[in-house]
>>> print(open('my_file_13.txt').read())   # compact mmCIF, C-alpha atoms and all ligand atoms
# COMPACT_ATOMS: atom_id res chain seq x y z
CA MET E 13 215.70 1.39 98.87
CA LYS E 14 214.70 5.04 98.68
CA VAL E 15 212.28 6.26 101.31
CA LEU E 16 210.25 9.46 101.42
CA VAL E 17 208.81 10.90 104.63
CA VAL E 18 206.12 13.52 104.12
CA GLY E 19 205.98 16.12 106.90
CA GLY E 20 208.31 18.51 108.65
CA GLY E 21 207.99 18.39 112.42
CA GLY E 22 209.56 16.68 115.42
CA ARG E 23 207.46 13.60 114.76
CA GLU E 24 208.88 13.27 111.25
CA HIS E 25 212.40 13.77 112.59
CA ALA E 26 211.83 10.92 115.07
CA ILE E 27 210.47 8.68 112.31
CA ILE E 28 213.46 9.46 110.08
CA LYS E 29 216.02 8.84 112.83
CA LYS E 30 214.38 5.49 113.56
CA LEU E 31 214.19 4.50 109.90
CA LYS E 32 217.89 5.29 109.52
CA GLU E 33 218.70 2.29 111.73
CA ASN E 34 217.70 0.11 108.78
CA GLU E 35 220.76 -0.52 106.63
CA THR E 36 218.86 -1.40 103.46
CA ILE E 37 217.74 2.20 103.14
CA GLU E 38 220.16 4.00 100.86
CA LYS E 39 218.51 7.40 101.01
CA ILE E 40 215.77 9.23 102.87
CA TYR E 41 214.01 12.27 101.50
CA ALA E 42 211.75 14.56 103.51
CA ILE E 43 209.01 16.78 102.07
CA PRO E 44 209.28 19.48 103.29
CA GLY E 45 211.43 18.43 106.28
CA ASN E 46 213.11 21.28 108.18
CA GLY E 47 216.51 22.71 109.03
CA GLY E 48 217.17 20.04 111.65
CA ILE E 49 215.83 17.12 109.63
CA ALA E 50 218.31 18.20 106.94
CA GLN E 51 221.00 16.53 109.11
CA ASP E 52 219.35 13.18 108.51
CA ALA E 53 217.52 13.40 105.19
CA GLU E 54 217.47 15.38 101.97
CA CYS E 55 214.74 17.98 102.32
CA ILE E 56 212.64 19.10 99.38
CA ALA E 57 210.68 22.33 99.72
CA ILE E 58 207.15 21.31 98.75
CA PRO E 59 204.34 21.98 101.26
CA ALA E 60 203.11 18.73 102.86
CA ASN E 61 199.54 19.22 101.64
CA GLU E 62 200.37 19.64 97.94
CA ILE E 63 199.77 16.02 97.19
CA GLU E 64 199.96 16.19 93.40
CA LYS E 65 203.36 17.88 93.49
CA ILE E 66 204.57 15.42 96.12
CA THR E 67 203.47 12.46 94.02
CA GLU E 68 205.17 13.88 90.92
CA LYS E 69 208.38 14.40 92.90
CA ALA E 70 208.23 10.91 94.39
CA VAL E 71 207.94 9.40 90.92
CA GLU E 72 210.83 11.54 89.65
CA LEU E 73 213.05 10.46 92.58
CA GLY E 74 212.21 6.77 92.17
CA ILE E 75 210.83 6.47 95.72
CA ASP E 76 210.21 2.85 96.77
CA PHE E 77 208.34 3.54 99.99
CA ALA E 78 206.63 6.65 101.33
CA VAL E 79 205.57 7.40 104.89
CA VAL E 80 202.87 10.06 105.06
CA ALA E 81 202.98 11.39 108.62
CA PRO E 82 200.73 14.49 109.03
CA ASP E 83 196.93 14.53 109.12
CA ASP E 84 196.33 17.03 106.28
CA PRO E 85 197.90 15.10 103.40
CA LEU E 86 196.37 11.84 104.69
CA VAL E 87 192.89 13.36 104.84
CA LEU E 88 193.43 14.87 101.37
CA GLY E 89 194.34 11.46 99.91
CA ALA E 90 198.16 11.51 99.61
CA VAL E 91 198.31 7.75 100.07
CA ASP E 92 195.78 7.13 97.30
CA SER E 93 197.71 9.45 95.01
CA LEU E 94 201.09 7.77 95.67
CA ASN E 95 199.60 4.27 95.39
CA ALA E 96 198.07 5.17 92.02
CA LYS E 97 201.64 5.67 90.78
CA GLY E 98 202.74 2.31 92.17
CA ILE E 99 204.51 3.69 95.23
CA LYS E 100 204.14 1.66 98.43
CA THR E 101 203.08 3.66 101.44
CA PHE E 102 202.57 3.77 105.19
CA GLY E 103 199.40 5.55 106.26
CA PRO E 104 195.64 5.25 105.77
CA ASN E 105 193.96 6.07 102.48
CA LYS E 106 191.54 8.97 102.23
CA ALA E 107 188.49 6.81 103.02
CA ALA E 108 190.04 5.67 106.32
CA ALA E 109 191.72 8.96 107.29
CA ILE E 110 188.22 10.39 107.82
CA ILE E 111 188.40 8.82 111.28
CA GLU E 112 190.45 11.91 112.19
CA GLY E 113 189.24 14.22 109.41
CA SER E 114 185.66 14.33 110.66
CA LYS E 115 184.69 14.28 114.32
CA VAL E 116 181.06 13.74 113.28
CA PHE E 117 182.15 10.60 111.42
CA SER E 118 184.20 9.26 114.32
CA LYS E 119 181.54 9.98 116.93
CA ASN E 120 178.84 8.31 114.82
CA LEU E 121 181.16 5.34 114.22
CA MET E 122 181.66 4.88 117.96
CA LYS E 123 177.94 5.13 118.64
CA LYS E 124 177.06 2.64 115.89
CA TYR E 125 179.62 0.06 117.06
CA ASN E 126 179.28 0.59 120.82
CA ILE E 127 182.80 1.89 121.33
CA PRO E 128 182.95 3.79 124.65
CA THR E 129 183.14 7.56 124.19
CA ALA E 130 181.61 10.75 125.61
CA LYS E 131 177.87 11.19 124.93
CA TYR E 132 177.26 13.78 122.22
CA GLU E 133 174.96 15.61 119.85
CA VAL E 134 175.78 16.85 116.34
CA PHE E 135 174.55 20.20 115.02
CA ASP E 136 174.61 21.89 111.62
CA ASP E 137 172.30 24.69 112.78
CA MET E 138 173.52 27.29 115.25
CA GLU E 139 170.12 28.14 116.73
CA LYS E 140 169.49 24.48 117.51
CA ALA E 141 172.92 24.16 119.11
CA LEU E 142 172.25 27.25 121.26
CA ALA E 143 168.84 25.93 122.27
CA TYR E 144 170.37 22.59 123.26
CA LEU E 145 172.88 24.42 125.45
CA GLU E 146 170.06 25.94 127.55
CA THR E 147 169.69 22.62 129.35
CA ALA E 148 172.88 20.67 128.50
CA PRO E 149 175.03 19.52 131.43
CA ILE E 150 177.89 21.97 132.19
CA PRO E 151 180.90 21.85 131.79
CA THR E 152 180.56 20.78 128.20
CA VAL E 153 182.90 20.31 125.25
CA ILE E 154 182.41 21.89 121.82
CA LYS E 155 184.29 20.44 118.85
CA ALA E 156 184.52 21.65 115.26
CA ASP E 157 183.91 18.79 112.83
CA GLY E 158 186.99 19.03 110.60
CA LEU E 159 190.73 19.41 111.06
CA ALA E 160 191.56 22.59 112.97
CA LEU E 161 195.28 22.24 113.69
CA GLY E 162 194.47 20.49 116.96
CA LYS E 163 192.72 23.62 118.18
CA GLY E 164 189.11 22.84 117.29
CA VAL E 165 188.12 21.82 120.83
CA ILE E 166 186.74 24.25 123.39
CA ILE E 167 186.02 23.16 126.95
CA ALA E 168 183.31 25.42 128.31
CA MET E 169 183.03 25.73 132.08
CA THR E 170 179.85 27.85 131.95
CA ARG E 171 176.73 28.00 129.78
CA ASP E 172 177.77 31.42 128.43
CA GLU E 173 181.22 30.16 127.48
CA ALA E 174 179.59 27.24 125.68
CA LYS E 175 177.31 29.56 123.71
CA ASP E 176 180.22 31.84 122.82
CA ALA E 177 182.16 28.81 121.61
CA VAL E 178 179.28 27.73 119.38
CA ARG E 179 178.91 31.24 117.94
CA SER E 180 182.65 31.56 117.32
CA MET E 181 182.71 28.28 115.41
CA MET E 182 179.41 28.46 113.53
CA GLU E 183 178.97 32.20 113.00
CA ASP E 184 182.46 33.76 113.15
CA LYS E 185 184.00 30.61 111.60
CA ILE E 186 187.17 30.81 113.66
CA PHE E 187 188.06 27.36 112.35
CA GLY E 188 186.76 28.03 108.84
CA ALA E 189 184.56 25.41 107.20
CA SER E 190 185.50 22.98 110.01
CA GLY E 191 182.84 24.78 112.06
CA ASN E 192 179.93 24.12 109.65
CA ASN E 193 179.12 21.07 111.73
CA ILE E 194 179.90 20.81 115.41
CA VAL E 195 179.81 18.17 118.09
CA ILE E 196 178.71 19.08 121.62
CA GLU E 197 179.78 16.39 124.03
CA GLU E 198 179.81 15.31 127.61
CA PHE E 199 182.74 16.55 129.70
CA LEU E 200 184.79 13.60 130.91
CA GLU E 201 187.30 13.45 133.72
CA GLY E 202 190.27 11.21 134.39
CA PRO E 203 193.87 10.71 133.39
CA GLU E 204 194.58 10.88 129.66
CA VAL E 205 196.56 8.21 127.84
CA SER E 206 197.79 8.18 124.27
CA VAL E 207 198.06 4.77 122.63
CA LEU E 208 199.54 4.68 119.15
CA SER E 209 198.98 1.40 117.37
CA PHE E 210 200.24 -0.31 114.25
CA THR E 211 197.49 -1.88 112.17
CA ASP E 212 197.11 -3.41 108.74
CA GLY E 213 193.33 -3.57 109.06
CA LYS E 214 193.48 -7.17 110.29
CA THR E 215 195.85 -7.12 113.24
CA VAL E 216 196.28 -4.28 115.71
CA VAL E 217 199.50 -4.00 117.71
CA PRO E 218 199.47 -1.24 120.33
CA MET E 219 202.76 0.55 120.91
CA ILE E 220 204.00 1.53 124.34
CA SER E 221 201.56 3.95 126.00
CA SER E 222 202.42 7.61 126.55
CA MET E 223 201.21 10.85 128.10
CA ASP E 224 201.13 14.21 126.36
CA HIS E 225 201.27 17.59 128.14
CA LYS E 226 199.04 19.81 126.04
CA ARG E 227 198.86 23.00 128.07
CA ALA E 228 201.46 25.71 127.58
CA LEU E 229 202.30 26.31 131.26
CA ASP E 230 203.34 24.23 134.26
CA ASN E 231 200.62 22.47 136.27
CA ASP E 232 198.51 22.16 133.11
CA GLU E 233 197.71 25.85 133.03
CA GLY E 234 197.59 28.20 130.04
CA LEU E 235 196.43 27.57 126.51
CA ASN E 236 196.25 24.28 124.66
CA THR E 237 199.26 23.67 122.43
CA GLY E 238 200.35 20.99 119.98
CA GLY E 239 202.08 19.33 122.96
CA MET E 240 204.81 20.57 125.33
CA GLY E 241 206.29 17.22 126.25
CA THR E 242 205.63 13.53 126.66
CA ILE E 243 206.59 10.53 128.74
CA ALA E 244 206.34 6.80 128.09
CA PRO E 245 205.15 4.41 129.32
CA ASN E 246 202.11 6.02 130.94
CA PRO E 247 201.85 4.65 134.51
CA TYR E 248 198.06 5.04 134.57
CA TYR E 249 197.81 2.52 131.73
CA THR E 250 198.00 -0.76 133.62
CA ASP E 251 198.01 -4.21 131.97
CA GLU E 252 194.44 -4.63 133.06
CA ILE E 253 193.33 -1.40 131.40
CA ALA E 254 195.35 -2.29 128.30
CA LYS E 255 193.43 -5.57 128.03
CA GLU E 256 190.11 -3.80 128.43
CA CYS E 257 191.06 -1.24 125.76
CA MET E 258 192.10 -4.00 123.36
CA GLU E 259 188.75 -5.76 123.76
CA LYS E 260 186.40 -2.80 123.96
CA ILE E 261 188.14 -0.17 121.85
CA PHE E 262 191.06 -1.21 119.62
CA ILE E 263 189.71 -4.36 117.97
CA PRO E 264 186.14 -3.00 117.71
CA THR E 265 187.47 0.14 115.98
CA ILE E 266 189.45 -1.83 113.39
CA GLU E 267 186.43 -4.06 112.77
CA ALA E 268 184.08 -1.07 112.58
CA MET E 269 186.25 0.55 109.92
CA ASN E 270 186.28 -2.72 107.95
CA SER E 271 182.49 -2.97 108.20
CA GLU E 272 182.21 0.57 106.85
CA GLY E 273 184.41 -0.35 103.86
CA ARG E 274 187.12 1.96 105.20
CA SER E 275 189.80 -0.50 106.28
CA PHE E 276 192.50 1.38 108.21
CA SER E 277 196.18 0.75 107.59
CA GLY E 278 199.05 2.62 109.24
CA CYS E 279 199.27 4.15 112.70
CA LEU E 280 195.95 4.58 114.46
CA TYR E 281 196.19 6.81 117.51
CA PHE E 282 193.75 6.34 120.38
CA GLY E 283 193.41 9.37 122.65
CA LEU E 284 191.85 7.86 125.75
CA MET E 285 190.49 9.13 129.02
CA LEU E 286 190.44 6.71 131.93
CA THR E 287 187.15 7.69 133.56
CA LYS E 288 185.62 6.11 136.63
CA ASN E 289 183.24 4.37 134.23
CA GLY E 290 186.11 2.83 132.28
CA PRO E 291 188.35 3.96 129.41
CA LYS E 292 186.69 6.15 126.78
CA VAL E 293 187.87 7.47 123.42
CA ILE E 294 188.46 11.24 123.41
CA GLU E 295 189.77 11.28 119.86
CA TYR E 296 191.20 9.20 117.07
CA ASN E 297 194.14 10.39 115.03
CA CYS E 298 194.94 8.73 111.72
CA ARG E 299 198.70 9.07 112.26
CA PHE E 300 201.55 9.08 114.74
CA GLY E 301 200.98 11.65 117.50
CA ASP E 302 203.30 14.56 118.01
CA PRO E 303 205.14 14.69 120.46
CA GLU E 304 204.15 11.13 121.52
CA THR E 305 206.24 9.70 118.67
CA GLN E 306 209.32 11.37 120.17
CA VAL E 307 209.10 9.05 123.22
CA VAL E 308 207.51 5.98 121.64
CA LEU E 309 209.91 5.37 118.75
CA PRO E 310 213.11 5.68 120.82
CA LEU E 311 211.75 2.77 122.89
CA LEU E 312 210.97 0.62 119.83
CA GLU E 313 213.58 -2.12 119.58
CA SER E 314 212.33 -3.63 116.34
CA ASP E 315 212.98 -2.31 112.85
CA LEU E 316 210.47 0.37 111.88
CA LEU E 317 210.75 -0.10 108.14
CA ASP E 318 210.24 -3.84 108.54
CA ILE E 319 207.03 -3.22 110.51
CA MET E 320 205.83 -0.72 107.90
CA MET E 321 206.53 -3.18 105.06
CA HIS E 322 204.60 -5.89 106.89
CA ILE E 323 201.68 -3.48 107.22
CA TRP E 324 201.84 -2.76 103.49
CA ASP E 325 201.83 -6.53 102.82
CA LYS E 326 199.01 -7.03 105.35
CA THR E 327 201.17 -9.45 107.33
CA LEU E 328 201.52 -7.44 110.53
CA ASP E 329 200.79 -10.65 112.48
CA LYS E 330 204.22 -11.88 111.28
CA ALA E 331 206.16 -8.73 112.21
CA GLU E 332 208.37 -8.39 115.26
CA VAL E 333 207.21 -5.41 117.33
CA GLU E 334 209.18 -5.22 120.57
CA PHE E 335 209.54 -2.32 122.98
CA SER E 336 212.28 -1.85 125.53
CA LYS E 337 211.52 -1.99 129.25
CA ASN E 338 213.03 1.47 129.68
CA SER E 339 211.21 4.77 130.03
CA ALA E 340 211.49 7.91 127.93
CA ALA E 341 210.81 11.60 128.48
CA CYS E 342 210.64 14.37 125.87
CA VAL E 343 210.78 18.05 126.81
CA VAL E 344 209.63 20.39 124.06
CA MET E 345 211.56 23.64 123.79
CA ALA E 346 209.38 26.34 122.28
CA SER E 347 209.63 30.02 121.36
CA ALA E 348 208.38 32.12 124.29
CA GLY E 349 204.85 33.27 123.53
CA TYR E 350 203.77 30.08 121.73
CA PRO E 351 200.96 29.16 121.01
CA GLN E 352 200.23 32.84 120.42
CA LYS E 353 202.70 35.47 119.20
CA TYR E 354 206.39 34.71 119.28
CA GLU E 355 209.58 35.85 117.60
CA SER E 356 211.86 33.60 115.63
CA GLY E 357 215.09 33.69 113.62
CA PHE E 358 217.41 32.99 116.58
CA GLU E 359 220.44 30.73 116.26
CA ILE E 360 220.05 27.29 117.86
CA LYS E 361 223.03 25.69 119.56
CA MET E 362 222.62 22.03 120.41
CA PRO E 363 224.51 18.74 120.66
CA TYR E 364 224.01 16.67 117.49
CA ASP E 365 224.70 13.27 119.04
CA LYS E 366 221.53 13.26 121.17
CA ASN E 367 217.90 12.34 120.55
CA ILE E 368 216.90 15.87 119.68
CA TYR E 369 213.99 16.09 117.28
CA VAL E 370 213.78 19.36 115.45
CA ALA E 371 210.41 20.89 114.53
CA GLY E 372 210.33 24.67 113.98
CA ALA E 373 213.78 25.47 112.62
CA LYS E 374 215.36 26.40 109.32
CA LEU E 375 218.85 26.59 107.92
CA ASP E 376 219.89 30.13 107.15
CA GLY E 377 223.26 30.25 105.40
CA GLY E 378 224.16 26.95 107.06
CA VAL E 379 223.14 28.20 110.52
CA LEU E 380 220.22 26.50 112.29
CA LYS E 381 217.70 29.13 113.42
CA THR E 382 214.32 29.04 115.13
CA ALA E 383 211.38 29.22 112.73
CA GLY E 384 208.32 28.11 114.64
CA GLY E 385 206.46 27.82 117.92
CA ARG E 386 207.62 24.40 118.96
CA VAL E 387 211.30 24.47 118.06
CA LEU E 388 212.54 21.04 119.11
CA GLY E 389 212.04 18.15 121.50
CA VAL E 390 214.76 16.72 123.72
CA THR E 391 214.28 13.02 124.47
CA GLU E 392 216.19 10.85 126.89
CA VAL E 393 215.75 7.18 127.67
CA ALA E 394 216.65 5.60 131.02
CA ASP E 395 215.88 2.61 133.22
CA THR E 396 213.20 4.51 135.16
CA LEU E 397 210.87 7.34 134.31
CA GLU E 398 212.42 9.47 137.02
CA ASN E 399 215.89 9.05 135.53
CA ALA E 400 214.64 9.69 131.99
CA ILE E 401 213.05 12.97 133.09
CA GLU E 402 216.19 14.04 134.95
CA LYS E 403 218.41 13.20 131.96
CA ALA E 404 216.11 15.03 129.54
CA TYR E 405 216.29 18.21 131.64
CA GLU E 406 220.10 17.84 131.83
CA THR E 407 220.27 17.69 128.04
CA VAL E 408 217.90 20.66 127.73
CA LYS E 409 220.65 22.68 129.45
CA GLN E 410 222.96 21.88 126.53
CA VAL E 411 220.53 23.46 124.04
CA SER E 412 220.26 27.20 123.69
CA PHE E 413 218.47 29.79 121.62
CA ASP E 414 217.09 33.22 122.45
CA ASN E 415 213.54 33.29 123.86
CA ALA E 416 213.59 29.56 124.61
CA TYR E 417 210.71 28.40 126.80
CA TYR E 418 209.90 24.96 128.16
CA ARG E 419 207.75 23.43 130.86
CA LYS E 420 209.62 22.44 134.01
CA ASP E 421 207.14 19.75 135.09
CA ILE E 422 207.05 17.23 132.25
CA GLY E 423 206.34 13.82 133.78
CA LYS E 424 205.47 15.17 137.23
CA LYS E 425 201.91 13.89 137.09
CA ALA E 426 203.11 10.50 135.86
CA LEU E 427 205.59 10.21 138.72
CA ALA E 428 202.84 11.06 141.20
CA ALA E 429 200.73 8.24 139.74
CA LYS E 430 203.56 5.78 140.33
CA VAL E 431 203.75 6.65 144.00
CA ASN E 432 199.99 6.27 144.58
P1 LIG G 501 191.35 16.75 121.09
O1 LIG G 501 191.80 17.79 120.13
O2 LIG G 501 190.10 16.03 120.71
O3 LIG G 501 192.48 15.87 121.54
O4 LIG G 501 191.00 17.53 122.43
C1 LIG G 501 191.99 18.29 123.07
C2 LIG G 501 191.93 18.07 124.54
O5 LIG G 501 190.66 18.49 125.04
C3 LIG G 501 192.02 16.60 124.96
O6 LIG G 501 193.31 16.14 125.05
C4 LIG G 501 191.33 16.65 126.31
O7 LIG G 501 192.24 17.10 127.29
C5 LIG G 501 190.28 17.68 126.12
N1 LIG G 501 188.99 17.03 125.81
C6 LIG G 501 188.51 16.66 124.61
N2 LIG G 501 187.31 16.09 124.72
C7 LIG G 501 187.00 16.09 126.03
C8 LIG G 501 185.88 15.65 126.81
N3 LIG G 501 184.82 15.09 126.25
N4 LIG G 501 185.92 15.82 128.14
C9 LIG G 501 186.97 16.41 128.74
N5 LIG G 501 188.06 16.84 128.07
C10 LIG G 501 188.08 16.70 126.74
N1 LIG G 502 199.69 14.87 120.61
C1 LIG G 502 198.43 14.85 120.01
C2 LIG G 502 198.43 14.89 118.55
O1 LIG G 502 199.36 14.47 117.89
O2 LIG G 502 197.47 15.35 117.97
>>> encode(input="my_file_13.txt", output="structure tokens", more="lines below")
Ligand code: AMP
Ligand code: GLY
Amino acid sequence: MKVLVVGGGGREHAIIKKLKENETIEKIYAIPGNGGIAQDAECIAIPANEIEKITEKAVELGIDFAVVAPDDPLVLGAVDSLNAKGIKTFGPNKAAAIIEGSKVFSKNLMKKYNIPTAKYEVFDDMEKALAYLETAPIPTVIKADGLALGKGVIIAMTRDEAKDAVRSMMEDKIFGASGNNIVIEEFLEGPEVSVLSFTDGKTVVPMISSMDHKRALDNDEGLNTGGMGTIAPNPYYTDEIAKECMEKIFIPTIEAMNSEGRSFSGCLYFGLMLTKNGPKVIEYNCRFGDPETQVVLPLLESDLLDIMMHIWDKTLDKAEVEFSKNSAACVVMASAGYPQKYESGFEIKMPYDKNIYVAGAKLDGGVLKTAGGRVLGVTEVADTLENAIEKAYETVKQVSFDNAYYRKDIGKKALAAKVN
């Protein structure tokens, strides 16, 4: 069995390391992969969003199964393109990936099917959006419709900030065409939980819950990033809340997508906020989250390829999906300055026998060097969350590169929740 993983970040590294536990896989290719993934898979330098080239290459290599991990190729239809050539895949087709590709689509879906989410209005006209903001409740949240590298959300604490956000999206086009349509929504408060789920469009099996740390600095200060660390399970996500989410959010979403003729297959990510009025959907992602995957997959005890094959066959109800009772923590090590300006090209020294998932790194004459904002994620698993966090920070000390920066408080909020 030859497997292709499309993508080149820490998430893809975690998927590849997990897939490698399956002995029927003879070879794993990554497109484009990265300098660290090259330890575990053969990397082919094609950008992840060039879906025609990827499909051609997959055919040439005789790929049996392809996992499309990032949002861009999914939204562009990579799965459809690979399937048209007879290649089995993991991931939603283009019609279903719109659940992440368009916030207007996902908000309207939730409204139509009574799935709890923040109240909202959609605008394609800037003057109307600005007029609405004259009386809208503040704080408010402004979201660009399309994909914007996870940055298309602005939380405005004042009316002026809200108006500036609208102008920057709709007039200055800071997120390009993604800002042609915008969503203005109610500001929600409460702990955030990420729940990744496996689904074949019939059955939905939530994975272990997790918590991302999106802000760049300790105590959730600084700019939003792609994610500075994660822990799993998320202590705020009790069995009772999980049951409520299953009934009010997960199953209704799968059924809503079926009713729309957009049956979703793959990993559906629910970004939830546990408000005092119950859990609400903040966002859907049509894929594994990053860096949530770096704590969720190390806790998966079942075979990942087997689950993915069951999803392809639409027999997920027959698959074994078991998670360990342990906890995991992932500390992302970034280049100082991320998510803004940073330098790269520094040699990375790290132990290779650990759960270290490499994201922004390249091989330069056989030497692993930094090549991105988020460089790598260090994951440790232990019997308790506290021990997992402590172990992860111990392992961080064994990794070095110039200008390394990481948050010192990953999991702190989760530990506080456990005490309360
Ligand atoms: P997203 O890209 O949709 O995940 O949004 C990024 C972050 O913005 C989320 O993780 C939340 O912390 C925050 N956010 C998004 N929507 C809301 C909302 N309606 N109320 C409060 N915070 C929000
Ligand atoms: N960690 C959030 C995401 O993958 O978009």
>>> atom_distance(input="my_file_13.txt", atom1="atom C6 of ligand LIG 501 (chain G)", atom2="CA of Pro218 (chain E)")
21.4 Å
>>> residues_near_ligand(input="my_file_13.txt", ligand="ligand LIG 501 (chain G)", cutoff="6 Å", atoms="all atoms listed in the file", output="JSON, numbers by chain")
{"E": [130, 153, 162, 165, 197, 198, 199, 200, 201, 294, 295]}
>>> closest_atom_pairs(input="my_file_13.txt", of="chain E", to="ligand LIG 502 (chain G)", cutoff="10 Å", atoms="all atoms listed in the file", output="tab-separated table")
residue	atom	partner	partner_atom	distance
E:Arg23	CA	G:LIG502	O1	8.7
E:Pro82	CA	G:LIG502	O1	9.0
E:Asp83	CA	G:LIG502	O2	8.9
E:Glu112	CA	G:LIG502	O2	9.7
E:Leu161	CA	G:LIG502	O2	8.4
E:Gly162	CA	G:LIG502	O2	6.0
E:Lys163	CA	G:LIG502	O2	9.5
E:Ser206	CA	G:LIG502	N1	7.9
E:Leu208	CA	G:LIG502	O1	9.9
E:Ser222	CA	G:LIG502	N1	9.8
E:Met223	CA	G:LIG502	N1	8.6
E:Asp224	CA	G:LIG502	N1	6.0
E:His225	CA	G:LIG502	N1	8.2
E:Lys226	CA	G:LIG502	N1	7.4
E:Thr237	CA	G:LIG502	N1	9.0
E:Gly238	CA	G:LIG502	N1	6.2
E:Gly239	CA	G:LIG502	N1	5.6
E:Met240	CA	G:LIG502	N1	9.0
E:Gly241	CA	G:LIG502	N1	9.0
E:Thr242	CA	G:LIG502	N1	8.6
E:Tyr281	CA	G:LIG502	O1	8.3
E:Phe282	CA	G:LIG502	C1	9.7
E:Gly283	CA	G:LIG502	C1	7.9
E:Glu295	CA	G:LIG502	O2	8.9
E:Tyr296	CA	G:LIG502	O2	8.8
E:Asn297	CA	G:LIG502	O2	6.7
E:Cys298	CA	G:LIG502	O2	9.4
E:Arg299	CA	G:LIG502	O1	7.8
E:Phe300	CA	G:LIG502	O1	6.6
E:Gly301	CA	G:LIG502	O1	3.3
E:Asp302	CA	G:LIG502	O1	3.9
E:Pro303	CA	G:LIG502	N1	5.5
E:Glu304	CA	G:LIG502	N1	5.9
E:Thr305	CA	G:LIG502	O1	8.4
>>> residues_around(input="my_file_13.txt", residues="region 306-312 of chain E", least_positions_apart="5", cutoff="7 Å", atoms="all atoms listed in the file", output="PyMOL selection string")
chain E and resi 23+26+30+220+242-244+334-336+340-342+391
>>> closest_residue(input="my_file_13.txt", among="E:Ala60, E:Ala107, E:Leu280, E:Val15", to="Ile266 (chain E)", atoms="all atoms listed in the file")
E:Leu280
>>> atom_distance(input="my_file_13.txt", atom1="CA of Asn192 (chain E)", atom2="CA of Asp136 (chain E)")
6.1 Å
>>> closest_residue(input="my_file_13.txt", among="E:Asn126, E:Thr67, E:Ser190, E:Thr211", to="Ile99 (chain E)", atoms="only C-alpha atoms")
E:Thr67
>>> atom_distance(input="my_file_13.txt", atom1="CA of Phe117 (chain E)", atom2="CA of Val217 (chain E)")
23.5 Å
>>> residues_around(input="my_file_13.txt", residues="Tyr249 (chain E)", least_positions_apart="4", cutoff="8 Å", atoms="only C-alpha atoms", output="mmCIF file with C-alpha atoms, in the coordinates of the input")
data_model
loop_
_atom_site.group_PDB
_atom_site.id
_atom_site.type_symbol
_atom_site.label_atom_id
_atom_site.label_comp_id
_atom_site.auth_asym_id
_atom_site.auth_seq_id
_atom_site.Cartn_x
_atom_site.Cartn_y
_atom_site.Cartn_z
ATOM 1 C CA VAL E 205 196.560 8.210 127.840
ATOM 2 C CA SER E 221 201.560 3.950 126.000
ATOM 3 C CA PRO E 245 205.150 4.410 129.320
ATOM 4 C CA ILE E 253 193.330 -1.400 131.400
ATOM 5 C CA ALA E 254 195.350 -2.290 128.300
#
>>> closest_residue(input="my_file_13.txt", among="E:Glu355, E:Asp76, E:Glu406, E:Asp365", to="Gly385 (chain E)", atoms="only C-alpha atoms")
E:Glu355
>>> closest_atom_pairs(input="my_file_13.txt", of="region 82-120 of chain E", to="region 285-293 of chain E", cutoff="12 Å", atoms="all atoms listed in the file", output="tab-separated table")
residue	atom	partner	partner_atom	distance
E:Lys115	CA	E:Val293	CA	11.8
E:Ser118	CA	E:Val293	CA	10.0
E:Lys119	CA	E:Val293	CA	9.4
>>> residues_around(input="my_file_13.txt", residues="Ser356 (chain E)", least_positions_apart="5", cutoff="12 Å", atoms="only C-alpha atoms", output="list in words")
Ala346, Ser347, Ala348, Gly349, Tyr350, Gly372, Ala373, Lys374, Leu380, Lys381, Thr382, Ala383, Gly384, Gly385, Arg386, Val387, Phe413, Asp414, Asn415 and Ala416 of chain E
>>> closest_residue(input="my_file_13.txt", among="E:Val195, E:Leu397, E:Ala174, E:Leu73", to="Lys131 (chain E)", atoms="only C-alpha atoms")
E:Val195
>>> residues_around(input="my_file_13.txt", residues="Asp176 (chain E)", least_positions_apart="4", cutoff="12 Å", atoms="all atoms listed in the file", output="PyMOL selection string")
chain E and resi 138+141-142+145+154+166-172+180-186
>>> closest_residue(input="my_file_13.txt", among="E:Ala57, E:Leu375, E:Ile75, E:Leu121", to="Asn270 (chain E)", atoms="all atoms listed in the file")
E:Leu121
>>> closest_residue(input="my_file_13.txt", among="E:Ile27, E:Ala400, E:Ala177, E:Leu16", to="Tyr41 (chain E)", atoms="only C-alpha atoms")
E:Leu16
>>> residues_near_point(input="my_file_13.txt", point="(216.6, 5.6, 112.3)", cutoff="10 Å", atoms="all atoms listed in the file", output="MDAnalysis selection string")
chainID E and resid 25:35 37 52 309:310 315:317
>>> residues_around(input="my_file_13.txt", residues="Pro59 (chain E)", least_positions_apart="2", cutoff="6 Å", atoms="only C-alpha atoms", output="PDB file with C-alpha atoms, keeping the file's coordinate frame")
ATOM      1  CA  PRO E  44     209.280  19.480 103.290  1.00  0.00           C
ATOM      2  CA  ASN E  61     199.540  19.220 101.640  1.00  0.00           C
ATOM      3  CA  GLU E  62     200.370  19.640  97.940  1.00  0.00           C
TER       4      GLU E  62
END
